[in-house]
Amino acid sequence: MWRNYWTVAVRALAKSKTYSVINIAGLAIGMAACVMILLYIRYEQSYDSWLPDVENTYELQAWYPHPQDGVSAFMQMSAYVSKNAAKKDFPQVQNAVYVQDNEPVLVQDGQASATKNWYFADDDFLKVVSLPLLAGGSLTAPETAVITQSEAIKRFATDKVVGRTMTIITRGVKHDLKITGVLKDLPKNSSMKIDAVIRLDFNQFYADTPNFLTSCWGCQSGYVYVKLRPGSDAHALEAQMPAWEKRNIPDEMNGNIRYNAGQDEDWHFVNLRDIHLGKAQDSPMTPGNDRRSIATFAIIAVLILGMAVVNFTNLATARASQRAREVALRKVLGANRSQLVVQFVAESILISAVAMLLALTLVELLVRPFAAFLDGDITLSYFGSDGVLLPAIGLTLLVGILSGLYPAFFLSRFQPAQVLKANRSAAETPGSGRVRTILVVFQFAVSIGLIICTAVIYGQTVFARSVDPGYKRDHILQVEELGRAQLWPKADMIVHQMQRVPGVVAASLTEIGVNTNNQSNTYIIPPGSNRQVLIGQYNVGADYLNAMGLSLKAGRWFDGNRPVDDMTQPYPQNLNVEKALAARGVNVVINENAAKKLGFSNAQDAVGKVVRGKLMSEEAGITNATIIGVVGDTRFRSVRTPIEPMMFHKVTAGPGWLIVRYRGDPSSVRAGIEAQWKQITNEVPFNAKFSEDVIAELYKKEDARAQTFAAFALLAVIIGCLGLFGLAAFTAERRTKEIGIRKVLGARTRDIVRLLVWQFSRPVIIANLIAWPVAWWMMRDWLNGFDERIALTPVPFLLAAAIALGIAVATVVGHAMKVARANPIHALRYE
């Protein structure tokens, strides 16, 4: 029996080559898309799962879900003091460590080179986070380091570096470090991006700012990792956090206002496996993702596969007349309905298996370019916990059964007497056309919805790059490393030297630039008020207004010739100088958002007013700040990040970036600035980026996800076109005699074409009515995740409708023209 089924199935496929190719190609594309999305989802969910003992390794995160100024922030960082407080109060915490990205200068053979992803730790990091070692051991004592294999080869041309010494400079101090271990390179599916970990004595490192180690609960500048004892319940610890906050976080005074950092912050123990897709995505080591995006791609995979299954069902029921006599004869010869159902489902599984083999071939060809495009370690393996063999077999059976079930029951119900009666066709079975119409509507609803979503995502992606940021973003070269202690006394001289480089229009120090990924906030008290407002505090140079291209809305900018405008503090810290500055008062410039937050009715109203706050160290006390000017709001970060209320202070040393505005050839200007830099210092490497490159890097992940979404949406449309093409071919063939009669009665070719095109256009119109509200709801929700977004206009909806209608017409019209032009005598010839 099974041999007979196999023979019939193969002959049926060979007899209808077009049908077979369309079905197998559609299923193969759908399955390949499913497998690719499965690999992507698995990869996104695999972050940090490769770490030994990861189930007991957590990150202590500081969240700001309800700050007083209304701007939420969910940070992966936490304050240094939270580490010791957690270790002291929770016996479940076995070990804890604080790490901070410092990017020291590495000195080799008298030459300085920049470092990136080099972290300082206050304890043995490897006792908490079990990074796999290639050689050597842990961070046994201060002034020791571990380094990754690739970083060792990059710096020393070998990975045999255990026991060697390397010299770094940080805060102007040299440290000779003994390398105690070599780490295996961290895979890309890691929430950590670490090339070296250096253990230092933090009591000495922060000797000039001891409050950072003991009382600064708002200093989120590093990561706290904890190792919980096996069997510990992190949720139980989080339930104790409110009481923990009350025990550990003291009240503070800001003038006559009492406040507590615990009112704004919540702390959470987050397992390392949950960081990448977790709620906290501010200040990460590596760009994260969210579970909603993962769910979206999973839904797309199901929809694409569903469209391929619909193709099979439509074409199988449309071809019913070609199999009807076969079914009737089998029933006459004694076959029962269950045997026929098994036969047709088996044929469907056969087609599904062939399609899966083709799909896996496509995946083998595409997985490497796909991984490179997403910058991930996505690989295809067939065996093991990450293997796709079992999912592929399951998917083959599922698709085969789903695809063949309805056609099997549909075909097996034919009555032999009706089918074998002269001039009687099973295609006239009631209800089959209605089912096919519903399935075509589903296909086009999915295609239209995906086209709309793709258009909106593309529009928002373009908008994000082109939206007015409030400053002149082009022709900016951003030079880093200027905040090094050894350059502190040279900072003002460096600015003046750079201003003389040919092509340079303006140059200025700054603590805030194009996506500089730093944030500094202080509570400011508005005049005559008992409330405090969280305002960003940033030191800038005198020419920052021109260098960034800001717009002055009211008042004036800083004047380099007015000493009262200057707020430069000495390095190392001199408390007497800070107290003198605080007693004297300072002049500041704010942006429009800060003016609004502080309660001023407009920019001009803010000029001349005096606000108060701790603008220097805690010991310096409250400083009176006179607002001398208001600038327009600026978007230095992503459009997902709300515009920050800012207060600017004019300084001549201290900021870590130099902003250079230039004209002319970018490479010539950069070369000139680099030459000047190397004449000034050989202890700090030159590190500069053009603003265009910074913005491209900022939106790289967003662009990749948008393009991936568009690619899978295109696959869905292609599958829909394949099915429509096959259905149109069979429909036109089935109506050959009808069309011949219409032509004999006087119908013209264009009338016939219009009739057939309208038949397939109606489902498109109905599909729009279904797809539009669903796509509108999804895209509105997605766009609300941006601080600034495009308007959801009718344009993408009308565009999707036009594209879908155009696809339907273009797919059908070829068959319609062929049949309509045929000589009616051939259609009406007696069989």
# chains A, B, ... in the order shown; residues from 1 in each chain; ligands from 1
call {"tool": "select_by_dssp", "arguments": {"residues": "stretch 76-142 of chain A", "states": "strand (DSSP E or B)", "output": "list in words"}}
result
Ser78, Val93, Gln94, Asn95, Ala96, Val97, Tyr98, Val99, Gln100, Asp101, Val105, Leu106, Val107, Gln108, Gln111, Ala112, Ser113, Trp118, Tyr119, Phe120, Ala121, Leu133, Leu134, Ala135 and Gly136 of chain A
call {"tool": "residues_around", "arguments": {"residues": "A:Ile378", "least_positions_apart": "2", "cutoff": "9 Å", "atoms": "only C-alpha atoms", "output": "list in words"}}
result
Leu39, Tyr40, Arg42, Tyr43, Val367, Arg368, Phe370, Ala371, Ala372, Leu374, Asp375, Gly376 and Leu380 of chain A
call {"tool": "write_last_selection", "arguments": {"atoms": "N, CA, C and O atoms", "output": "PDB file, in the first residue's frame"}}
result
ATOM      1  N   LEU A  39      17.253  30.372  14.469  1.00  0.00           N
ATOM      2  CA  LEU A  39      18.667  30.540  14.827  1.00  0.00           C
ATOM      3  C   LEU A  39      18.897  31.902  15.473  1.00  0.00           C
ATOM      4  O   LEU A  39      19.639  32.028  16.458  1.00  0.00           O
ATOM      5  N   TYR A  40      18.255  32.933  14.923  1.00  0.00           N
ATOM      6  CA  TYR A  40      18.411  34.289  15.464  1.00  0.00           C
ATOM      7  C   TYR A  40      17.842  34.371  16.884  1.00  0.00           C
ATOM      8  O   TYR A  40      18.478  34.923  17.797  1.00  0.00           O
ATOM      9  N   ARG A  42      17.299  31.888  19.031  1.00  0.00           N
ATOM     10  CA  ARG A  42      18.154  31.100  19.926  1.00  0.00           C
ATOM     11  C   ARG A  42      19.409  31.866  20.302  1.00  0.00           C
ATOM     12  O   ARG A  42      19.847  31.846  21.454  1.00  0.00           O
ATOM     13  N   TYR A  43      19.986  32.527  19.313  1.00  0.00           N
ATOM     14  CA  TYR A  43      21.216  33.282  19.569  1.00  0.00           C
ATOM     15  C   TYR A  43      20.952  34.423  20.553  1.00  0.00           C
ATOM     16  O   TYR A  43      21.722  34.621  21.503  1.00  0.00           O
ATOM     17  N   VAL A 367      23.504  31.445   6.144  1.00  0.00           N
ATOM     18  CA  VAL A 367      23.704  31.679   7.576  1.00  0.00           C
ATOM     19  C   VAL A 367      24.941  32.531   7.852  1.00  0.00           C
ATOM     20  O   VAL A 367      24.918  33.393   8.749  1.00  0.00           O
ATOM     21  N   ARG A 368      26.002  32.339   7.093  1.00  0.00           N
ATOM     22  CA  ARG A 368      27.206  33.146   7.340  1.00  0.00           C
ATOM     23  C   ARG A 368      27.010  34.613   6.973  1.00  0.00           C
ATOM     24  O   ARG A 368      27.352  35.498   7.768  1.00  0.00           O
ATOM     25  N   PHE A 370      24.211  36.136   6.934  1.00  0.00           N
ATOM     26  CA  PHE A 370      23.227  36.600   7.910  1.00  0.00           C
ATOM     27  C   PHE A 370      23.913  36.935   9.234  1.00  0.00           C
ATOM     28  O   PHE A 370      23.645  37.982   9.844  1.00  0.00           O
ATOM     29  N   ALA A 371      24.820  36.071   9.682  1.00  0.00           N
ATOM     30  CA  ALA A 371      25.550  36.314  10.931  1.00  0.00           C
ATOM     31  C   ALA A 371      26.457  37.528  10.811  1.00  0.00           C
ATOM     32  O   ALA A 371      26.552  38.341  11.736  1.00  0.00           O
ATOM     33  N   ALA A 372      27.120  37.662   9.657  1.00  0.00           N
ATOM     34  CA  ALA A 372      28.001  38.812   9.458  1.00  0.00           C
ATOM     35  C   ALA A 372      27.202  40.105   9.438  1.00  0.00           C
ATOM     36  O   ALA A 372      27.634  41.134   9.981  1.00  0.00           O
ATOM     37  N   LEU A 374      24.383  40.732  11.011  1.00  0.00           N
ATOM     38  CA  LEU A 374      23.944  41.053  12.367  1.00  0.00           C
ATOM     39  C   LEU A 374      25.098  41.151  13.356  1.00  0.00           C
ATOM     40  O   LEU A 374      24.883  41.429  14.530  1.00  0.00           O
ATOM     41  N   ASP A 375      26.331  40.911  12.874  1.00  0.00           N
ATOM     42  CA  ASP A 375      27.517  40.950  13.723  1.00  0.00           C
ATOM     43  C   ASP A 375      27.355  40.012  14.919  1.00  0.00           C
ATOM     44  O   ASP A 375      27.568  40.382  16.074  1.00  0.00           O
ATOM     45  N   GLY A 376      26.969  38.758  14.609  1.00  0.00           N
ATOM     46  CA  GLY A 376      26.780  37.769  15.665  1.00  0.00           C
ATOM     47  C   GLY A 376      27.451  36.456  15.314  1.00  0.00           C
ATOM     48  O   GLY A 376      27.841  36.217  14.170  1.00  0.00           O
ATOM     49  N   LEU A 380      25.053  27.236  12.170  1.00  0.00           N
ATOM     50  CA  LEU A 380      24.081  26.171  11.924  1.00  0.00           C
ATOM     51  C   LEU A 380      24.698  24.835  12.318  1.00  0.00           C
ATOM     52  O   LEU A 380      25.713  24.429  11.759  1.00  0.00           O
TER      53      LEU A 380
END
call {"tool": "residues_around", "arguments": {"residues": "A:Ile294", "least_positions_apart": "6", "cutoff": "10 Å", "atoms": "only C-alpha atoms", "output": "PyMOL selection string"}}
result
chain A and resi 37-38+40-42+44-45+277+300
call {"tool": "closest_residue", "arguments": {"among": "A:Lys553, A:Lys689, A:Lys116, A:Lys650", "to": "A:Val607", "atoms": "only C-alpha atoms"}}
result
A:Lys553
call {"tool": "residues_around", "arguments": {"residues": "stretch 243-247 of chain A", "least_positions_apart": "6", "cutoff": "10 Å", "atoms": "only C-alpha atoms", "output": "PDB file with N, CA, C and O atoms, in the first residue's frame"}}
result
ATOM      1  N   SER A  82      26.771  50.361  46.841  1.00  0.00           N
ATOM      2  CA  SER A  82      25.738  49.317  46.877  1.00  0.00           C
ATOM      3  C   SER A  82      26.354  47.928  46.980  1.00  0.00           C
ATOM      4  O   SER A  82      25.745  47.004  47.519  1.00  0.00           O
ATOM      5  N   ALA A  85      27.201  47.245  50.685  1.00  0.00           N
ATOM      6  CA  ALA A  85      25.955  47.180  51.453  1.00  0.00           C
ATOM      7  C   ALA A  85      25.233  45.853  51.195  1.00  0.00           C
ATOM      8  O   ALA A  85      24.694  45.236  52.118  1.00  0.00           O
ATOM      9  N   ALA A  86      25.235  45.413  49.937  1.00  0.00           N
ATOM     10  CA  ALA A  86      24.587  44.137  49.611  1.00  0.00           C
ATOM     11  C   ALA A  86      25.338  42.968  50.231  1.00  0.00           C
ATOM     12  O   ALA A  86      24.735  42.020  50.758  1.00  0.00           O
ATOM     13  N   ASP A  89      24.598  42.925  54.125  1.00  0.00           N
ATOM     14  CA  ASP A  89      23.250  42.656  54.618  1.00  0.00           C
ATOM     15  C   ASP A  89      22.646  41.339  54.127  1.00  0.00           C
ATOM     16  O   ASP A  89      21.671  40.865  54.696  1.00  0.00           O
ATOM     17  N   PHE A  90      23.194  40.781  53.054  1.00  0.00           N
ATOM     18  CA  PHE A  90      22.609  39.568  52.498  1.00  0.00           C
ATOM     19  C   PHE A  90      23.620  38.425  52.594  1.00  0.00           C
ATOM     20  O   PHE A  90      24.590  38.376  51.833  1.00  0.00           O
ATOM     21  N   LEU A 237      15.442  38.092  47.684  1.00  0.00           N
ATOM     22  CA  LEU A 237      16.335  39.216  48.011  1.00  0.00           C
ATOM     23  C   LEU A 237      15.708  40.544  47.575  1.00  0.00           C
ATOM     24  O   LEU A 237      15.780  41.537  48.302  1.00  0.00           O
ATOM     25  N   ASN A 260      16.354  61.758  49.827  1.00  0.00           N
ATOM     26  CA  ASN A 260      16.990  60.454  49.972  1.00  0.00           C
ATOM     27  C   ASN A 260      17.088  59.809  48.595  1.00  0.00           C
ATOM     28  O   ASN A 260      16.106  59.755  47.848  1.00  0.00           O
ATOM     29  N   ALA A 261      18.292  59.310  48.244  1.00  0.00           N
ATOM     30  CA  ALA A 261      18.501  58.720  46.918  1.00  0.00           C
ATOM     31  C   ALA A 261      17.611  57.510  46.680  1.00  0.00           C
ATOM     32  O   ALA A 261      17.261  57.187  45.545  1.00  0.00           O
ATOM     33  N   GLY A 262      17.208  56.843  47.766  1.00  0.00           N
ATOM     34  CA  GLY A 262      16.353  55.671  47.629  1.00  0.00           C
ATOM     35  C   GLY A 262      14.952  55.991  47.156  1.00  0.00           C
ATOM     36  O   GLY A 262      14.215  55.102  46.716  1.00  0.00           O
ATOM     37  N   GLN A 263      14.554  57.279  47.230  1.00  0.00           N
ATOM     38  CA  GLN A 263      13.227  57.655  46.738  1.00  0.00           C
ATOM     39  C   GLN A 263      13.143  57.527  45.218  1.00  0.00           C
ATOM     40  O   GLN A 263      12.069  57.265  44.668  1.00  0.00           O
ATOM     41  N   GLU A 265      15.566  55.623  43.302  1.00  0.00           N
ATOM     42  CA  GLU A 265      16.208  54.417  42.781  1.00  0.00           C
ATOM     43  C   GLU A 265      15.581  53.147  43.350  1.00  0.00           C
ATOM     44  O   GLU A 265      15.156  53.106  44.498  1.00  0.00           O
ATOM     45  N   ASP A 266      15.555  52.129  42.510  1.00  0.00           N
ATOM     46  CA  ASP A 266      15.257  50.768  42.930  1.00  0.00           C
ATOM     47  C   ASP A 266      16.420  49.885  42.502  1.00  0.00           C
ATOM     48  O   ASP A 266      17.005  50.103  41.438  1.00  0.00           O
ATOM     49  N   TRP A 267      16.749  48.875  43.317  1.00  0.00           N
ATOM     50  CA  TRP A 267      17.851  47.976  42.977  1.00  0.00           C
ATOM     51  C   TRP A 267      17.314  46.582  42.686  1.00  0.00           C
ATOM     52  O   TRP A 267      16.397  46.105  43.350  1.00  0.00           O
TER      53      TRP A 267
END
call {"tool": "residues_around", "arguments": {"residues": "A:Tyr98", "least_positions_apart": "5", "cutoff": "10 Å", "atoms": "only C-alpha atoms", "output": "PDB file with C-alpha atoms, in the first residue's frame"}}
result
ATOM      1  CA  LEU A  60      23.057  44.488  40.768  1.00  0.00           C
ATOM      2  CA  MET A  77      25.210  50.167  36.413  1.00  0.00           C
ATOM      3  CA  SER A  78      25.109  50.639  40.144  1.00  0.00           C
ATOM      4  CA  ALA A  79      26.922  52.722  42.753  1.00  0.00           C
ATOM      5  CA  TYR A  80      30.116  51.428  44.373  1.00  0.00           C
ATOM      6  CA  VAL A  81      28.573  51.687  47.856  1.00  0.00           C
ATOM      7  CA  SER A  82      25.738  49.317  46.877  1.00  0.00           C
ATOM      8  CA  LYS A  83      28.247  46.461  46.521  1.00  0.00           C
ATOM      9  CA  ASN A  84      29.465  46.528  50.127  1.00  0.00           C
ATOM     10  CA  TYR A 119      38.134  47.451  33.274  1.00  0.00           C
ATOM     11  CA  PHE A 120      39.347  48.255  36.783  1.00  0.00           C
ATOM     12  CA  ALA A 121      38.119  45.927  39.533  1.00  0.00           C
ATOM     13  CA  ASP A 122      38.284  46.357  43.290  1.00  0.00           C
ATOM     14  CA  ASP A 123      38.524  42.596  43.932  1.00  0.00           C
ATOM     15  CA  ASP A 124      39.070  39.287  42.158  1.00  0.00           C
ATOM     16  CA  PHE A 125      36.611  39.579  39.283  1.00  0.00           C
ATOM     17  CA  PHE A 202      40.319  51.510  45.145  1.00  0.00           C
ATOM     18  CA  SER A 221      29.705  54.765  36.954  1.00  0.00           C
ATOM     19  CA  GLY A 222      30.447  51.045  37.127  1.00  0.00           C
ATOM     20  CA  TYR A 223      28.999  47.554  37.323  1.00  0.00           C
ATOM     21  CA  VAL A 224      28.380  45.478  40.451  1.00  0.00           C
ATOM     22  CA  TYR A 225      28.487  41.701  39.993  1.00  0.00           C
ATOM     23  CA  VAL A 226      27.552  39.293  42.768  1.00  0.00           C
TER      24      VAL A 226
END
call {"tool": "atom_distance", "arguments": {"atom1": "atom CA of A:Pro645", "atom2": "atom CA of A:Val611"}}
result
14.3 Å
call {"tool": "residues_around", "arguments": {"residues": "A:Thr148", "least_positions_apart": "2", "cutoff": "8 Å", "atoms": "only C-alpha atoms", "output": "ChimeraX atom specification"}}
result
/A:146,150-152,182-186,194-196
call {"tool": "write_last_selection", "arguments": {"atoms": "all heavy atoms", "output": "PDB file, in the first residue's frame"}}
result
ATOM      1  N   VAL A 146      44.407  40.422  34.136  1.00  0.00           N
ATOM      2  CA  VAL A 146      44.178  39.334  33.185  1.00  0.00           C
ATOM      3  C   VAL A 146      43.785  39.982  31.871  1.00  0.00           C
ATOM      4  O   VAL A 146      43.161  41.051  31.842  1.00  0.00           O
ATOM      5  CB  VAL A 146      43.090  38.354  33.668  1.00  0.00           C
ATOM      6  CG1 VAL A 146      43.550  37.581  34.878  1.00  0.00           C
ATOM      7  CG2 VAL A 146      41.769  39.067  33.943  1.00  0.00           C
ATOM      8  N   SER A 150      43.148  37.501  22.300  1.00  0.00           N
ATOM      9  CA  SER A 150      43.324  38.379  21.138  1.00  0.00           C
ATOM     10  C   SER A 150      43.975  39.696  21.529  1.00  0.00           C
ATOM     11  O   SER A 150      44.785  40.251  20.774  1.00  0.00           O
ATOM     12  CB  SER A 150      41.976  38.646  20.465  1.00  0.00           C
ATOM     13  OG  SER A 150      41.081  39.271  21.364  1.00  0.00           O
ATOM     14  N   GLU A 151      43.663  40.203  22.722  1.00  0.00           N
ATOM     15  CA  GLU A 151      44.283  41.446  23.176  1.00  0.00           C
ATOM     16  C   GLU A 151      45.767  41.225  23.471  1.00  0.00           C
ATOM     17  O   GLU A 151      46.605  42.097  23.191  1.00  0.00           O
ATOM     18  CB  GLU A 151      43.565  41.969  24.421  1.00  0.00           C
ATOM     19  CG  GLU A 151      43.933  43.385  24.821  1.00  0.00           C
ATOM     20  CD  GLU A 151      43.336  44.451  23.920  1.00  0.00           C
ATOM     21  OE1 GLU A 151      42.589  44.106  22.981  1.00  0.00           O
ATOM     22  OE2 GLU A 151      43.627  45.643  24.152  1.00  0.00           O
ATOM     23  N   ALA A 152      46.113  40.056  24.017  1.00  0.00           N
ATOM     24  CA  ALA A 152      47.515  39.743  24.276  1.00  0.00           C
ATOM     25  C   ALA A 152      48.306  39.685  22.972  1.00  0.00           C
ATOM     26  O   ALA A 152      49.414  40.233  22.872  1.00  0.00           O
ATOM     27  CB  ALA A 152      47.625  38.410  25.022  1.00  0.00           C
ATOM     28  N   VAL A 182      45.495  34.650  31.185  1.00  0.00           N
ATOM     29  CA  VAL A 182      45.027  34.963  29.835  1.00  0.00           C
ATOM     30  C   VAL A 182      43.627  34.377  29.683  1.00  0.00           C
ATOM     31  O   VAL A 182      43.417  33.171  29.879  1.00  0.00           O
ATOM     32  CB  VAL A 182      45.966  34.387  28.759  1.00  0.00           C
ATOM     33  CG1 VAL A 182      45.398  34.649  27.360  1.00  0.00           C
ATOM     34  CG2 VAL A 182      47.360  34.986  28.890  1.00  0.00           C
ATOM     35  N   LEU A 183      42.672  35.226  29.355  1.00  0.00           N
ATOM     36  CA  LEU A 183      41.289  34.796  29.191  1.00  0.00           C
ATOM     37  C   LEU A 183      41.039  34.329  27.762  1.00  0.00           C
ATOM     38  O   LEU A 183      41.646  34.837  26.813  1.00  0.00           O
ATOM     39  CB  LEU A 183      40.329  35.958  29.488  1.00  0.00           C
ATOM     40  CG  LEU A 183      40.377  36.580  30.884  1.00  0.00           C
ATOM     41  CD1 LEU A 183      39.541  37.852  30.895  1.00  0.00           C
ATOM     42  CD2 LEU A 183      39.844  35.596  31.915  1.00  0.00           C
ATOM     43  N   LYS A 184      40.143  33.382  27.631  1.00  0.00           N
ATOM     44  CA  LYS A 184      39.647  33.073  26.292  1.00  0.00           C
ATOM     45  C   LYS A 184      38.823  34.269  25.804  1.00  0.00           C
ATOM     46  O   LYS A 184      38.184  34.964  26.600  1.00  0.00           O
ATOM     47  CB  LYS A 184      38.771  31.819  26.321  1.00  0.00           C
ATOM     48  CG  LYS A 184      39.527  30.536  26.627  1.00  0.00           C
ATOM     49  CD  LYS A 184      38.586  29.336  26.598  1.00  0.00           C
ATOM     50  CE  LYS A 184      39.344  28.044  26.914  1.00  0.00           C
ATOM     51  NZ  LYS A 184      38.432  26.876  26.930  1.00  0.00           N
ATOM     52  N   ASP A 185      38.866  34.520  24.517  1.00  0.00           N
ATOM     53  CA  ASP A 185      38.088  35.634  23.972  1.00  0.00           C
ATOM     54  C   ASP A 185      36.608  35.435  24.260  1.00  0.00           C
ATOM     55  O   ASP A 185      36.066  34.333  24.067  1.00  0.00           O
ATOM     56  CB  ASP A 185      38.292  35.754  22.464  1.00  0.00           C
ATOM     57  CG  ASP A 185      39.701  36.224  22.114  1.00  0.00           C
ATOM     58  OD1 ASP A 185      40.373  36.797  23.001  1.00  0.00           O
ATOM     59  OD2 ASP A 185      40.123  36.030  20.959  1.00  0.00           O
ATOM     60  N   LEU A 186      35.966  36.472  24.719  1.00  0.00           N
ATOM     61  CA  LEU A 186      34.539  36.390  25.002  1.00  0.00           C
ATOM     62  C   LEU A 186      33.767  36.296  23.690  1.00  0.00           C
ATOM     63  O   LEU A 186      34.038  37.047  22.752  1.00  0.00           O
ATOM     64  CB  LEU A 186      34.066  37.617  25.781  1.00  0.00           C
ATOM     65  CG  LEU A 186      34.198  37.574  27.308  1.00  0.00           C
ATOM     66  CD1 LEU A 186      35.650  37.448  27.740  1.00  0.00           C
ATOM     67  CD2 LEU A 186      33.559  38.795  27.933  1.00  0.00           C
ATOM     68  N   ILE A 194      34.781  42.723  27.366  1.00  0.00           N
ATOM     69  CA  ILE A 194      35.967  42.900  28.194  1.00  0.00           C
ATOM     70  C   ILE A 194      37.183  42.396  27.444  1.00  0.00           C
ATOM     71  O   ILE A 194      37.208  41.270  26.954  1.00  0.00           O
ATOM     72  CB  ILE A 194      35.810  42.132  29.529  1.00  0.00           C
ATOM     73  CG1 ILE A 194      34.671  42.743  30.355  1.00  0.00           C
ATOM     74  CG2 ILE A 194      37.103  42.141  30.318  1.00  0.00           C
ATOM     75  CD1 ILE A 194      34.354  41.966  31.615  1.00  0.00           C
ATOM     76  N   ASP A 195      38.221  43.238  27.368  1.00  0.00           N
ATOM     77  CA  ASP A 195      39.500  42.832  26.793  1.00  0.00           C
ATOM     78  C   ASP A 195      40.578  42.680  27.862  1.00  0.00           C
ATOM     79  O   ASP A 195      41.579  42.009  27.631  1.00  0.00           O
ATOM     80  CB  ASP A 195      39.961  43.838  25.743  1.00  0.00           C
ATOM     81  CG  ASP A 195      39.105  43.777  24.480  1.00  0.00           C
ATOM     82  OD1 ASP A 195      38.679  42.668  24.112  1.00  0.00           O
ATOM     83  OD2 ASP A 195      38.843  44.831  23.882  1.00  0.00           O
ATOM     84  N   ALA A 196      40.371  43.318  29.005  1.00  0.00           N
ATOM     85  CA  ALA A 196      41.319  43.171  30.113  1.00  0.00           C
ATOM     86  C   ALA A 196      40.625  43.586  31.407  1.00  0.00           C
ATOM     87  O   ALA A 196      39.756  44.461  31.400  1.00  0.00           O
ATOM     88  CB  ALA A 196      42.566  44.019  29.894  1.00  0.00           C
TER      89      ALA A 196
END
call {"tool": "residues_around", "arguments": {"residues": "stretch 769-785 of chain A", "least_positions_apart": "6", "cutoff": "12 Å", "atoms": "only C-alpha atoms", "output": "number ranges by chain"}}
result
A: 290, 292-293, 296, 438, 441-461, 463-464, 638-642, 762-763, 791-801, 804
call {"tool": "select_by_dssp", "arguments": {"residues": "stretch 168-394 of chain A", "states": "alpha helix (DSSP H)", "output": "PyMOL selection string"}}
result
chain A and resi 202-205+211-214+234-239+241-248+291-318+320-332+337-374+389-394
call {"tool": "decode", "arguments": {"residues": "stretch 705-714 of chain A", "atoms": "N, CA, C and O atoms", "output": "mmCIF file, in the first residue's frame"}}
result
data_model
loop_
_atom_site.group_PDB
_atom_site.id
_atom_site.type_symbol
_atom_site.label_atom_id
_atom_site.label_comp_id
_atom_site.auth_asym_id
_atom_site.auth_seq_id
_atom_site.Cartn_x
_atom_site.Cartn_y
_atom_site.Cartn_z
ATOM 1 N N ARG A 705 18.411 45.588 12.370
ATOM 2 C CA ARG A 705 17.137 44.949 12.694
ATOM 3 C C ARG A 705 16.048 45.376 11.719
ATOM 4 O O ARG A 705 15.203 44.568 11.320
ATOM 5 N N ALA A 706 16.055 46.663 11.342
ATOM 6 C CA ALA A 706 15.057 47.144 10.383
ATOM 7 C C ALA A 706 15.217 46.451 9.036
ATOM 8 O O ALA A 706 14.238 46.049 8.402
ATOM 9 N N GLN A 707 16.455 46.294 8.589
ATOM 10 C CA GLN A 707 16.695 45.645 7.301
ATOM 11 C C GLN A 707 16.362 44.156 7.363
ATOM 12 O O GLN A 707 15.875 43.573 6.380
ATOM 13 N N THR A 708 16.617 43.523 8.517
ATOM 14 C CA THR A 708 16.246 42.116 8.674
ATOM 15 C C THR A 708 14.733 41.951 8.609
ATOM 16 O O THR A 708 14.214 41.037 7.956
ATOM 17 N N PHE A 709 14.026 42.844 9.287
ATOM 18 C CA PHE A 709 12.567 42.812 9.243
ATOM 19 C C PHE A 709 12.076 42.981 7.806
ATOM 20 O O PHE A 709 11.182 42.248 7.350
ATOM 21 N N ALA A 710 12.662 43.934 7.077
ATOM 22 C CA ALA A 710 12.258 44.171 5.691
ATOM 23 C C ALA A 710 12.533 42.954 4.812
ATOM 24 O O ALA A 710 11.731 42.623 3.931
ATOM 25 N N ALA A 711 13.665 42.282 5.054
ATOM 26 C CA ALA A 711 14.008 41.102 4.252
ATOM 27 C C ALA A 711 12.991 39.989 4.453
ATOM 28 O O ALA A 711 12.535 39.356 3.482
ATOM 29 N N PHE A 712 12.602 39.735 5.703
ATOM 30 C CA PHE A 712 11.614 38.684 5.955
ATOM 31 C C PHE A 712 10.232 39.094 5.454
ATOM 32 O O PHE A 712 9.447 38.248 5.019
ATOM 33 N N ALA A 713 9.919 40.393 5.509
ATOM 34 C CA ALA A 713 8.656 40.862 4.939
ATOM 35 C C ALA A 713 8.632 40.625 3.434
ATOM 36 O O ALA A 713 7.611 40.217 2.862
ATOM 37 N N LEU A 714 9.764 40.859 2.769
ATOM 38 C CA LEU A 714 9.858 40.608 1.331
ATOM 39 C C LEU A 714 9.660 39.125 1.016
ATOM 40 O O LEU A 714 9.000 38.769 0.031
#
